[in-house]
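Text of final18.csv, listed as CSV, C-alpha atoms:
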```
chain,number,residue,atom,x,y,z
A,25,MET,CA,136.7,78.0,105.1
A,26,PRO,CA,134.3,76.8,102.4
A,27,THR,CA,131.3,78.8,101.6
A,28,PRO,CA,128.1,76.7,101.7
A,29,ALA,CA,125.6,76.8,98.9
A,30,LEU,CA,122.8,79.4,99.3
A,31,TYR,CA,120.3,76.6,98.8
A,32,ASP,CA,120.1,72.9,99.3
A,33,THR,CA,119.3,71.8,95.7
A,34,LEU,CA,119.6,68.1,96.5
A,35,GLN,CA,117.2,68.3,99.4
A,36,SER,CA,114.8,70.3,97.3
A,37,PHE,CA,114.8,67.7,94.5
A,38,LYS,CA,114.4,64.9,97.1
A,39,ASP,CA,111.4,66.7,98.7
A,40,ILE,CA,109.6,67.4,95.4
A,41,HIS,CA,110.3,63.8,94.2
A,42,LYS,CA,108.8,62.3,97.4
A,43,VAL,CA,105.7,64.5,97.0
A,44,VAL,CA,105.2,63.6,93.4
A,45,LEU,CA,105.7,59.9,94.0
A,46,LYS,CA,103.4,59.9,97.0
A,47,LEU,CA,100.7,61.6,94.9
A,48,ALA,CA,101.2,59.0,92.1
A,49,ASP,CA,101.3,56.0,94.4
A,50,GLY,CA,97.8,56.8,95.6
A,51,LEU,CA,96.2,56.7,92.2
A,52,THR,CA,94.9,53.9,90.0
A,53,ASP,CA,95.9,53.3,86.4
A,54,GLU,CA,92.5,54.7,85.4
A,55,GLN,CA,93.2,57.9,87.4
A,56,LEU,CA,96.6,58.2,85.9
A,57,ASN,CA,95.2,58.1,82.4
A,58,TRP,CA,92.1,60.2,83.0
A,59,LYS,CA,91.8,63.5,81.1
A,60,PRO,CA,89.1,66.2,81.6
A,61,GLU,CA,87.1,66.9,78.5
A,62,GLY,CA,89.0,69.2,76.1
A,63,TYR,CA,92.3,68.7,78.0
A,64,SER,CA,95.2,66.8,76.2
A,65,THR,CA,97.3,65.4,79.1
A,66,SER,CA,96.7,63.2,82.1
A,67,ILE,CA,98.5,62.8,85.4
A,68,GLY,CA,100.3,59.9,83.8
A,69,PHE,CA,101.6,62.1,81.0
A,70,HIS,CA,102.9,64.6,83.6
A,71,LEU,CA,104.7,61.8,85.4
A,72,TRP,CA,106.1,60.4,82.2
A,73,HIS,CA,107.2,63.9,81.2
A,74,LEU,CA,108.9,64.5,84.5
A,75,ALA,CA,110.8,61.2,84.2
A,76,ARG,CA,112.1,62.3,80.8
A,77,GLU,CA,112.8,66.0,81.8
A,78,SER,CA,112.2,67.0,78.2
A,79,ASP,CA,109.1,68.1,76.3
A,80,TYR,CA,108.4,66.7,72.8
A,81,LEU,CA,105.2,67.8,71.1
A,82,LYS,CA,104.3,64.2,70.1
A,83,ALA,CA,104.7,62.9,73.6
A,84,ALA,CA,101.1,63.9,74.6
A,85,ASN,CA,99.7,61.4,72.1
A,86,LEU,CA,101.9,58.4,73.1
A,87,PRO,CA,100.3,55.7,75.3
A,88,ILE,CA,101.2,56.1,79.0
A,89,PRO,CA,102.8,52.9,80.4
A,90,LYS,CA,101.0,51.0,83.2
A,91,LYS,CA,101.5,52.4,86.7
A,92,ASP,CA,104.2,50.0,87.9
A,93,GLU,CA,106.3,50.6,84.7
A,94,LEU,CA,105.7,54.3,84.8
A,95,LEU,CA,106.6,54.8,88.4
A,96,GLY,CA,109.7,52.5,88.1
A,97,TYR,CA,110.8,54.7,85.2
A,98,LEU,CA,110.2,57.9,87.3
A,99,ARG,CA,112.0,56.5,90.3
A,100,ASN,CA,115.0,55.6,88.2
A,101,SER,CA,115.0,59.0,86.7
A,102,TYR,CA,114.7,60.7,90.1
A,103,ASN,CA,117.5,58.6,91.5
A,104,ALA,CA,119.8,59.6,88.6
A,105,ILE,CA,119.1,63.3,89.2
A,106,GLU,CA,119.6,63.0,92.9
A,107,GLU,CA,122.9,61.1,92.5
A,108,PHE,CA,124.1,63.7,90.0
A,109,VAL,CA,123.2,66.6,92.3
A,110,GLU,CA,124.8,64.9,95.3
A,111,LEU,CA,128.1,64.3,93.4
A,112,PHE,CA,128.1,67.7,91.8
A,113,ASP,CA,127.5,69.5,95.1
A,114,THR,CA,130.1,67.4,96.8
A,115,LYS,CA,132.7,68.1,94.2
A,116,TYR,CA,131.8,71.8,93.8
A,117,SER,CA,130.5,72.7,97.3
A,118,ASP,CA,132.3,76.1,97.0
A,119,PHE,CA,134.3,78.2,94.5
A,120,GLU,CA,137.7,77.6,96.2
A,121,ASN,CA,140.4,76.5,93.8
A,122,VAL,CA,138.3,77.0,90.6
A,123,ASP,CA,139.1,79.5,87.9
A,124,GLU,CA,136.6,82.0,86.6
A,125,GLU,CA,135.5,79.9,83.6
A,126,LEU,CA,134.8,76.9,85.8
A,127,ARG,CA,133.0,79.0,88.3
A,128,LYS,CA,130.6,80.3,85.5
A,129,LYS,CA,130.0,76.7,84.4
A,130,ILE,CA,129.2,75.6,87.9
A,131,GLU,CA,126.8,78.5,88.3
A,132,ARG,CA,125.0,77.6,85.0
A,133,VAL,CA,124.6,74.0,86.1
A,134,ARG,CA,123.2,75.1,89.4
A,135,LEU,CA,120.8,77.5,87.7
A,136,ASN,CA,119.6,74.7,85.3
A,137,LEU,CA,119.0,72.4,88.3
A,138,LEU,CA,116.8,75.1,89.9
A,139,VAL,CA,114.9,75.4,86.5
A,140,PHE,CA,114.4,71.6,86.6
A,141,LEU,CA,113.2,71.8,90.2
A,142,THR,CA,110.7,74.6,89.3
A,143,HIS,CA,109.6,72.6,86.3
A,144,ASP,CA,108.8,69.6,88.6
A,145,CYS,CA,106.9,71.9,91.0
A,146,ARG,CA,104.7,73.2,88.1
A,147,HIS,CA,103.9,69.7,86.9
A,148,LEU,CA,103.0,68.7,90.5
A,149,GLY,CA,100.5,71.6,90.6
A,150,MET,CA,98.9,70.4,87.4
A,151,MET,CA,98.7,66.8,88.7
A,152,GLU,CA,97.1,68.0,92.0
A,153,CYS,CA,94.6,69.9,89.9
A,154,LEU,CA,93.8,66.9,87.8
A,155,LYS,CA,93.6,64.6,90.9
A,156,GLY,CA,91.2,67.2,92.5
A,157,LEU,CA,88.9,67.2,89.5
A,158,GLN,CA,88.7,63.4,89.7
A,159,THR,CA,88.5,62.9,93.5
A,160,GLY,CA,87.4,66.3,95.0
A,161,PHE,CA,90.8,66.6,96.8
A,162,GLY,CA,94.0,67.1,94.9
A,163,SER,CA,96.7,67.9,97.5
A,164,ALA,CA,99.8,65.8,97.4
A,165,THR,CA,100.9,66.9,100.9
A,166,GLU,CA,97.8,67.1,103.0
A,167,GLN,CA,95.8,64.1,104.2
A,168,ARG,CA,92.1,63.8,104.6
```

As structure tokens:
Amino acid sequence: MPTPALYDTLQSFKDIHKVVLKLADGLTDEQLNWKPEGYSTSIGFHLWHLARESDYLKAANLPIPKKDELLGYLRNSYNAIEEFVELFDTKYSDFENVDEELRKKIERVRLNLLVFLTHDCRHLGMMECLKGLQTGFGSATEQR
């Protein structure tokens, strides 16, 4: 009998992706590009960075695309991650019939996915803070 994963990585990614996109959908281009005095990044930067899943020092100074382009890019990126996780978890739902070397590789991939998920959560927190500074309410999950 296969052993299920200890966590549902795909569902966790889908959950955080929905929350991030919901927060972003409710903002204007002006809000996406707004930066508090003395702060170098905007909500738009955090969204752009999440779509890229990599951090380059020069990125904070690049112009952020308009909202539709940025969210399209983010949605495509999120779809690619979710498709990968779904295929990966389907193919390697357990450690049956895998040798020790492959088991270690699978564990490293799963660990890296959790690191990416944590990374997304940290950026969501920053975006909620920036939205709160602009609007007085920053939660991406609660309605007022």

Could you check the closest approach to Tyr97 of chain A for each of A:Phe161, A:Trp72, A:Tyr63, A:Tyr116 and tell me which residue wins, using all atoms listed in the file?
A:Trp72

With only C-alpha atoms as the basis for distance, which of A:Gln158, A:Asn103, A:Ser117, A:Asn136 is at the shortest distance from Leu56 of chain A?
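Residue with the minimum atom-to-atom distance to Leu56 of chain A: A:Gln158.
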
Within 10 Å of (116.0, 66.5, 96.3) (file coordinates; all atoms listed in the file), which protein or nucleic acid residues are there? I'd like them as a list in words.
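Those residues, ordered by chain and then number, are Asp32, Thr33, Leu34, Gln35, Ser36, Phe37, Lys38, Asp39, Ile40, His41, Lys42, Tyr102, Asn103, Ile105, Glu106, Glu107, Val109, Glu110 and Leu141 of chain A.
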
Restricting the output to C-alpha atoms, write the selected residues as a PDB file, in the frame of the given file.
```
ATOM      1  CA  ASP A  32     120.100  72.900  99.300  1.00  0.00           C
ATOM      2  CA  THR A  33     119.300  71.800  95.700  1.00  0.00           C
ATOM      3  CA  LEU A  34     119.600  68.100  96.500  1.00  0.00           C
ATOM      4  CA  GLN A  35     117.200  68.300  99.400  1.00  0.00           C
ATOM      5  CA  SER A  36     114.800  70.300  97.300  1.00  0.00           C
ATOM      6  CA  PHE A  37     114.800  67.700  94.500  1.00  0.00           C
ATOM      7  CA  LYS A  38     114.400  64.900  97.100  1.00  0.00           C
ATOM      8  CA  ASP A  39     111.400  66.700  98.700  1.00  0.00           C
ATOM      9  CA  ILE A  40     109.600  67.400  95.400  1.00  0.00           C
ATOM     10  CA  HIS A  41     110.300  63.800  94.200  1.00  0.00           C
ATOM     11  CA  LYS A  42     108.800  62.300  97.400  1.00  0.00           C
ATOM     12  CA  TYR A 102     114.700  60.700  90.100  1.00  0.00           C
ATOM     13  CA  ASN A 103     117.500  58.600  91.500  1.00  0.00           C
ATOM     14  CA  ILE A 105     119.100  63.300  89.200  1.00  0.00           C
ATOM     15  CA  GLU A 106     119.600  63.000  92.900  1.00  0.00           C
ATOM     16  CA  GLU A 107     122.900  61.100  92.500  1.00  0.00           C
ATOM     17  CA  VAL A 109     123.200  66.600  92.300  1.00  0.00           C
ATOM     18  CA  GLU A 110     124.800  64.900  95.300  1.00  0.00           C
ATOM     19  CA  LEU A 141     113.200  71.800  90.200  1.00  0.00           C
TER      20      LEU A 141
END
```

Given the point (96.5, 56.9, 89.0) in the file's coordinates, find the residues that have an atom at most 12 Å from it, counting all atoms listed in the file, and give them as number ranges by chain.
A: 44-59, 66-71, 88-92, 94-95, 151-152, 154-155, 158-159

What gap, in Å, lies between atom CA of Leu126 of chain A and atom CA of Val139 of chain A?
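We find that atom CA of Leu126 of chain A and atom CA of Val139 of chain A lie 20.0 Å from each other.
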
Which residues come within 9 Å of Leu74 of chain A, counting all atoms listed in the file, excluding same-chain residues fewer than 5 positions away, as a ChimeraX atom specification?
/A:69,79,98,101-102,143-144,147

Could you take the residues named above and write them with C-alpha atoms, as a compact mmCIF listing (two decimals), in the frame of the given file?
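Everything below was put into out_36.txt:
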```txt
# COMPACT_ATOMS: atom_id res chain seq x y z
CA PHE A 69 101.60 62.10 81.00
CA ASP A 79 109.10 68.10 76.30
CA LEU A 98 110.20 57.90 87.30
CA SER A 101 115.00 59.00 86.70
CA TYR A 102 114.70 60.70 90.10
CA HIS A 143 109.60 72.60 86.30
CA ASP A 144 108.80 69.60 88.60
CA HIS A 147 103.90 69.70 86.90
```

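Straight-line separation from atom CA of Phe140 of chain A to atom CA of Lys128 of chain A: 18.4 Å.
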
Hey, can you check how far atom CA of Gly162 of chain A sits from atom CA of Gly96 of chain A?
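About the pair atom CA of Gly162 of chain A and atom CA of Gly96 of chain A: they are 22.5 Å apart.
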
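Proximity to Leu148 of chain A was assessed for A:Leu135, A:Val122, A:His73, A:Gly62 counting all atoms listed in the file; the smallest distance is recorded for A:His73.
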
Taking only N, CA and C atoms, show segment 134-153 of chain A of the given structure as a CSV table (one decimal), in the first residue's frame.
```csv
chain,number,residue,atom,x,y,z
A,134,ARG,N,11.1,17.9,-3.0
A,134,ARG,CA,10.0,18.2,-2.2
A,134,ARG,C,10.4,19.3,-1.2
A,135,LEU,N,11.6,19.2,-0.6
A,135,LEU,CA,12.1,20.2,0.3
A,135,LEU,C,12.2,21.6,-0.4
A,136,ASN,N,12.7,21.6,-1.6
A,136,ASN,CA,12.8,22.9,-2.4
A,136,ASN,C,11.4,23.4,-2.7
A,137,LEU,N,10.5,22.6,-2.9
A,137,LEU,CA,9.1,23.1,-3.2
A,137,LEU,C,8.5,23.8,-1.9
A,138,LEU,N,8.8,23.2,-0.7
A,138,LEU,CA,8.4,23.8,0.5
A,138,LEU,C,9.1,25.1,0.7
A,139,VAL,N,10.4,25.2,0.3
A,139,VAL,CA,11.1,26.5,0.4
A,139,VAL,C,10.4,27.5,-0.5
A,140,PHE,N,10.1,27.2,-1.7
A,140,PHE,CA,9.4,28.1,-2.6
A,140,PHE,C,8.0,28.5,-2.0
A,141,LEU,N,7.3,27.6,-1.4
A,141,LEU,CA,6.0,27.9,-0.8
A,141,LEU,C,6.2,28.9,0.4
A,142,THR,N,7.2,28.7,1.2
A,142,THR,CA,7.5,29.6,2.3
A,142,THR,C,7.8,30.9,1.8
A,143,HIS,N,8.6,31.0,0.7
A,143,HIS,CA,9.0,32.2,0.0
A,143,HIS,C,7.8,33.0,-0.4
A,144,ASP,N,6.8,32.3,-1.0
A,144,ASP,CA,5.6,32.9,-1.5
A,144,ASP,C,4.9,33.5,-0.3
A,145,CYS,N,4.8,32.8,0.8
A,145,CYS,CA,4.1,33.3,2.0
A,145,CYS,C,4.7,34.5,2.6
A,146,ARG,N,6.0,34.6,2.6
A,146,ARG,CA,6.7,35.7,3.1
A,146,ARG,C,6.4,37.0,2.2
A,147,HIS,N,6.5,36.8,0.9
A,147,HIS,CA,6.1,37.9,0.0
A,147,HIS,C,4.7,38.3,0.2
A,148,LEU,N,3.8,37.4,0.4
A,148,LEU,CA,2.4,37.8,0.6
A,148,LEU,C,2.3,38.6,1.9
A,149,GLY,N,3.0,38.3,2.9
A,149,GLY,CA,3.0,39.1,4.1
A,149,GLY,C,3.5,40.5,3.9
A,150,MET,N,4.5,40.7,3.1
A,150,MET,CA,5.0,42.0,2.7
A,150,MET,C,4.0,42.8,1.9
A,151,MET,N,3.3,42.1,1.0
A,151,MET,CA,2.3,42.8,0.1
A,151,MET,C,1.1,43.2,1.0
A,152,GLU,N,0.7,42.4,2.0
A,152,GLU,CA,-0.4,42.7,2.8
A,152,GLU,C,0.0,44.0,3.7
A,153,CYS,N,1.3,44.0,4.1
A,153,CYS,CA,1.7,45.2,4.8
A,153,CYS,C,1.7,46.4,4.0
```
